[in-house]
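J.: Here it is: the structure, laid out below.
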Amino acid sequence: MHFAPFLLIAICELTLLFVERRTPVPEWLHLGVSVTVAAVFLFLAARVWKRQERVREGLQRELEEMRQEAVKSARRYKCLLEGAGNAIFIFSADTGLLREENRVGRELLGFSREELDSIQARDLLHPDEQERFRSFLYQVRRNGRGELDAVRIRKKNGSFFLAEINARLIDLGDEQVAHCLLRDITKKRRTEKEIWQRNRELSILNDILTGMNHSSDLEQEQQRTLVEIMELFDAGGGTMHLYRSDQGAARLCACSHVSAELEQRITQSLILDPERFLKVKRVKAQQMKELGAAAEGWQCVTSVPISAHDHLVGVMHLLHREPCRYSAEELRFLESVGKQMGTIIEKGRLFAELNWKSGELLRSHRLLEKSSHNLSISEIRLKQNLALVEQANLEQNRLDRMKNQFLGMVSHEFNTPLTSIISGVEHLLQNGWQGEEEARPVLELVRDGGLRLKGLVADLLKLIKVEARRGALETSAVHLRHFLDELSAQLQPQLSERGQCVTLAGLEELPYFDADRNYLERVFGELLQNAIRFSPENGEILVTGRVVDRPALLERKDTLERFNPEFLRRCGERCYLEVEVRDSGIGIPIEEQQGIFGIFYEVGEIKHHSSGMSREEGRGAGLGLAMVKGMVEAHGGMVWVESSGGSSFFLVLPLEQEAIQPALF
């Protein structure tokens, strides 16, 4: 390009010389044309040169960008390769030499990068896998992809593991490489094997249970079960013994590939010490010598208990020619098989015993039918005698309880007033008295003690009369509202003293009913006095009533049965009058609610749920609520207590009487 201007000038000079031959040309024109042509061509040449420079610089920039992108792609590929979660190996599809691997692959095999650079892919395989690997490479080259499952791969330490390889063929132009993903499937295969083994065990266990449950020939099923267990655990021989019902002897019920002499020795060992066969365990070497199993070539003997409800039913023995050791899961399966078999065998025994007893019962029934008339008469007489004896026993027990309770009450409750009387009289006898004022307190003490004794005796006689059912109820028509109005008026002095009031709610619409007014007066008197005694000052005592039927009573079944289990059974379909007497105390603990209706229960023991009372005011002989219970039940009703924010005493009285009354105590 640098010689082009001179070449152009030379061409212009030659052209001018050719023109001068025909026409003369001035010298200045000749020089000017040459210079102009040279300048034009120099300008054009400079422009062309600059353009080429710009193109060259652009190409260089593009080449640099392509080089940087290639470096980034290589770095990105390297990062992806090293950061992959699976082991990746890249090797030549033609020579089998490893080209590249990632960090996971090196850690999986235990080799360094330098060690793997000189190793061929087939060198990492078990020698028995070489032929499979060649077929795998051929498949990859032909189809562009391939899979190799359950291949054994060698680690640096010489151990092998099962792997799964997924390969894809990559064409690099000058070379074809196989991109392989390698996964360690050792744990996966172990888990699959365990699951398969478990399913097989469950299937065998199901077959055993089904066969033993539905087979009519239990002996044949026991033999089949023994053979299946032997096949499952690769046992060379086995026996199954069952204990007789009295546990005194063991009987051989199934046997396979065991000599008669060894059978007899196993049977004797079961009789001598059955307690050592309560768990699945291997027979010790000393015991194998005693059995003579080692002499016959058996290297391992395992005993499996056959039990039902922790009761040893029998023992199964598995014998192996080679030493063996069961896993924890296998021991668990054997234990489960033993328990299931024991349950089925025990059920079979019970069923056979039931059939035998049924046959005996049928034969006995046929014999009984021949003398049914005489036996029926004897049965009637026997029932009558038994009823009389039972009634006499109940009456005797009741009288004994009453006697013991009476003696306890006399020794406890009579002691206080007797002490007052005796001490007062002794005081007068020893010291004398000068005047009426000095003797009056002592005489009043004696009088109060005597009155208290008289009241206790009266209460006892009344209670005994009620409990013994002596004397018919003197019933008359009673309206609860009118009756309680009169009773509240009698208690008004006590109510006024404590600033309390009795509220009668919902009693106007209640029907008349037949009852003994004297009994009712004592019942409601005791309940109201208890409410007054155990309510705080200025408190309110609420009395409500309603008519209830059997469904309404059944809604409170749990509560009613707690206080009188027989009431709902005998109440029938009658309607009852339900009355509630509620105080405003803090309530009665649930553990004391049933006890307060017992005779000689000291009400004062629960006085802590009232207020403003002395201990002596709250004490009694424990007969009040007991008589309430007896008098209400004498009418055919019942009484109970509920406590929530106060105590509520409930009683139900029938609107029509029943003839038979229950026992009170």
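Letters A, B, ... go to the chains of the structure tokens in the order shown; residues in each chain start at 1; ligands are counted from 1 in the same order.
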List every residue of segment 483-641 of chain A that DSSP, applied to the backbone, labels as helix (DSSP H, G or I), and write the result as a PyMOL selection string.
T.: chain A and resi 483-490+492-498+517-534+550-554+557-563+567-570+590-593+595-597+603-609+624-634
J.: So that I can check the surroundings of Phe89 of chain A, please list as a PDB file with C-alpha atoms, in the first residue's frame every protein, DNA and RNA residue that reaches within 12 Å of it, counting only C-alpha atoms and ignoring chain neighbours fewer than 4 positions away.
T.:
ATOM      1  CA  LEU A  81     -19.547 -29.725  38.578  1.00  0.00           C
ATOM      2  CA  GLU A  82     -17.999 -29.282  42.026  1.00  0.00           C
ATOM      3  CA  ALA A  84     -23.413 -30.951  42.368  1.00  0.00           C
ATOM      4  CA  ALA A  93     -16.159 -43.208  25.597  1.00  0.00           C
ATOM      5  CA  GLY A  96     -12.348 -45.342  29.174  1.00  0.00           C
ATOM      6  CA  LEU A  97      -9.857 -42.897  30.770  1.00  0.00           C
ATOM      7  CA  LEU A  98     -11.256 -40.507  33.362  1.00  0.00           C
ATOM      8  CA  ARG A  99     -11.258 -36.915  32.129  1.00  0.00           C
ATOM      9  CA  GLU A 100     -12.845 -35.144  35.037  1.00  0.00           C
ATOM     10  CA  GLU A 101     -14.726 -35.717  38.311  1.00  0.00           C
ATOM     11  CA  ASN A 102     -16.301 -33.548  40.981  1.00  0.00           C
ATOM     12  CA  ARG A 103     -15.641 -33.195  44.727  1.00  0.00           C
ATOM     13  CA  VAL A 104     -18.503 -35.525  45.732  1.00  0.00           C
ATOM     14  CA  GLY A 105     -17.103 -38.231  43.479  1.00  0.00           C
ATOM     15  CA  ARG A 106     -13.623 -37.947  44.956  1.00  0.00           C
ATOM     16  CA  LEU A 108     -17.201 -41.031  47.661  1.00  0.00           C
ATOM     17  CA  LEU A 109     -14.272 -43.058  46.304  1.00  0.00           C
ATOM     18  CA  ARG A 113      -7.611 -35.671  41.847  1.00  0.00           C
ATOM     19  CA  LEU A 116      -7.912 -40.392  39.535  1.00  0.00           C
ATOM     20  CA  ASP A 117      -6.160 -38.749  36.549  1.00  0.00           C
ATOM     21  CA  ILE A 119      -7.049 -44.421  36.562  1.00  0.00           C
ATOM     22  CA  GLN A 120      -9.335 -45.890  33.921  1.00  0.00           C
ATOM     23  CA  ALA A 121     -13.032 -46.176  34.676  1.00  0.00           C
ATOM     24  CA  LEU A 124     -12.903 -48.700  39.786  1.00  0.00           C
ATOM     25  CA  ILE A 165     -24.838 -45.107  37.074  1.00  0.00           C
ATOM     26  CA  ASN A 166     -26.764 -42.889  34.624  1.00  0.00           C
ATOM     27  CA  ALA A 167     -24.628 -41.901  31.600  1.00  0.00           C
ATOM     28  CA  ARG A 168     -25.141 -39.532  28.663  1.00  0.00           C
ATOM     29  CA  VAL A 177     -17.044 -38.455  26.410  1.00  0.00           C
ATOM     30  CA  ALA A 178     -19.557 -40.115  28.737  1.00  0.00           C
ATOM     31  CA  HIS A 179     -21.062 -37.853  31.451  1.00  0.00           C
ATOM     32  CA  CYS A 180     -21.986 -40.171  34.346  1.00  0.00           C
ATOM     33  CA  LEU A 181     -24.018 -39.599  37.520  1.00  0.00           C
ATOM     34  CA  LEU A 182     -23.068 -42.134  40.212  1.00  0.00           C
ATOM     35  CA  ARG A 183     -25.261 -42.768  43.278  1.00  0.00           C
TER      36      ARG A 183
END
J.: Skipping near chain neighbours, those fewer than 6 positions away, what residues fall within 12 Å of Arg569 of chain A using only C-alpha atoms, listed as a PyMOL selection string?
T.: chain A and resi 550+553-554+557+560-561+662
J.: Quick one: residues within 6 Å of segment 336-347 of chain A, only C-alpha atoms counted, chain neighbours fewer than 6 positions away excluded, as a PyMOL selection string?
T.: chain A and resi 305-308+313
J.: Once you have the residues from the selection above, write them out as a PDB file, in the first residue's frame, restricted to N, CA and C atoms.
T.:
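So out_31.pdb came out as:
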ATOM      1  N   PRO A 305     -40.015 -69.493  72.463  1.00  0.00           N
ATOM      2  CA  PRO A 305     -41.168 -69.829  73.318  1.00  0.00           C
ATOM      3  C   PRO A 305     -42.484 -69.642  72.578  1.00  0.00           C
ATOM      4  N   ILE A 306     -43.408 -70.558  72.795  1.00  0.00           N
ATOM      5  CA  ILE A 306     -44.781 -70.445  72.296  1.00  0.00           C
ATOM      6  C   ILE A 306     -45.646 -70.150  73.515  1.00  0.00           C
ATOM      7  N   SER A 307     -46.127 -68.915  73.607  1.00  0.00           N
ATOM      8  CA  SER A 307     -46.794 -68.478  74.829  1.00  0.00           C
ATOM      9  C   SER A 307     -48.115 -67.812  74.505  1.00  0.00           C
ATOM     10  N   ALA A 308     -48.971 -67.752  75.519  1.00  0.00           N
ATOM     11  CA  ALA A 308     -50.271 -67.078  75.419  1.00  0.00           C
ATOM     12  C   ALA A 308     -50.523 -66.367  76.743  1.00  0.00           C
ATOM     13  N   VAL A 313     -46.845 -72.088  76.592  1.00  0.00           N
ATOM     14  CA  VAL A 313     -47.658 -73.152  76.007  1.00  0.00           C
ATOM     15  C   VAL A 313     -46.779 -74.239  75.413  1.00  0.00           C
TER      16      VAL A 313
END
J.: Choose the residue, out of A:Phe18, A:Arg276, A:Leu319, A:Arg141, that has the smallest atom-to-atom separation from Val227 of chain A; count only C-alpha atoms.
T.: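 For Val227 of chain A, the nearest of the candidates is A:Leu319.
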J.: Could you jot down the atom CA of Ile586 of chain A to atom CA of Leu568 of chain A separation for me, Å, one decimal place?
T.: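 That distance, rounded to one decimal, is 29.7 Å.
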J.: For a test of reading the model, state the distance in Å between atom CA of Arg321 of chain A and atom CA of Gln299 of chain A, rounded to one decimal.
T.: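 Answer for the atom CA of Arg321 of chain A to atom CA of Gln299 of chain A separation: 5.2 Å.
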J.: Quick one: residues within 9 Å of Gly236 of chain A, only C-alpha atoms counted, chain neighbours fewer than 5 positions away excluded, as a PyMOL selection string?
T.: chain A and resi 230-231+256-258+298+318-321
J.: Let's have the selection written as an mmCIF file, in the first residue's frame, with C-alpha atoms.
T.:
data_model
loop_
_atom_site.group_PDB
_atom_site.id
_atom_site.type_symbol
_atom_site.label_atom_id
_atom_site.label_comp_id
_atom_site.auth_asym_id
_atom_site.auth_seq_id
_atom_site.Cartn_x
_atom_site.Cartn_y
_atom_site.Cartn_z
ATOM 1 C CA MET A 230 -37.240 -73.379 58.963
ATOM 2 C CA GLU A 231 -37.247 -72.295 55.306
ATOM 3 C CA SER A 256 -38.288 -82.121 60.760
ATOM 4 C CA HIS A 257 -34.826 -83.612 60.076
ATOM 5 C CA VAL A 258 -34.042 -84.291 63.727
ATOM 6 C CA TRP A 298 -25.541 -79.069 64.652
ATOM 7 C CA LEU A 318 -34.495 -74.291 65.157
ATOM 8 C CA LEU A 319 -31.242 -76.143 64.383
ATOM 9 C CA HIS A 320 -28.485 -74.976 61.970
ATOM 10 C CA ARG A 321 -25.544 -76.843 60.539
#
J.: What is the atom CA of Ile590 of chain A-atom CA of Glu521 of chain A distance in Å, reported with one decimal?
T.: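 Atom CA of Glu521 of chain A lies at a distance of 27.4 Å from atom CA of Ile590 of chain A.
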J.: Rank nothing, just name the residue among A:Ala505, A:Leu542, A:Ala235, A:Ala249 nearest to Glu322 of chain A, using only C-alpha atoms.
T.: A:Ala235
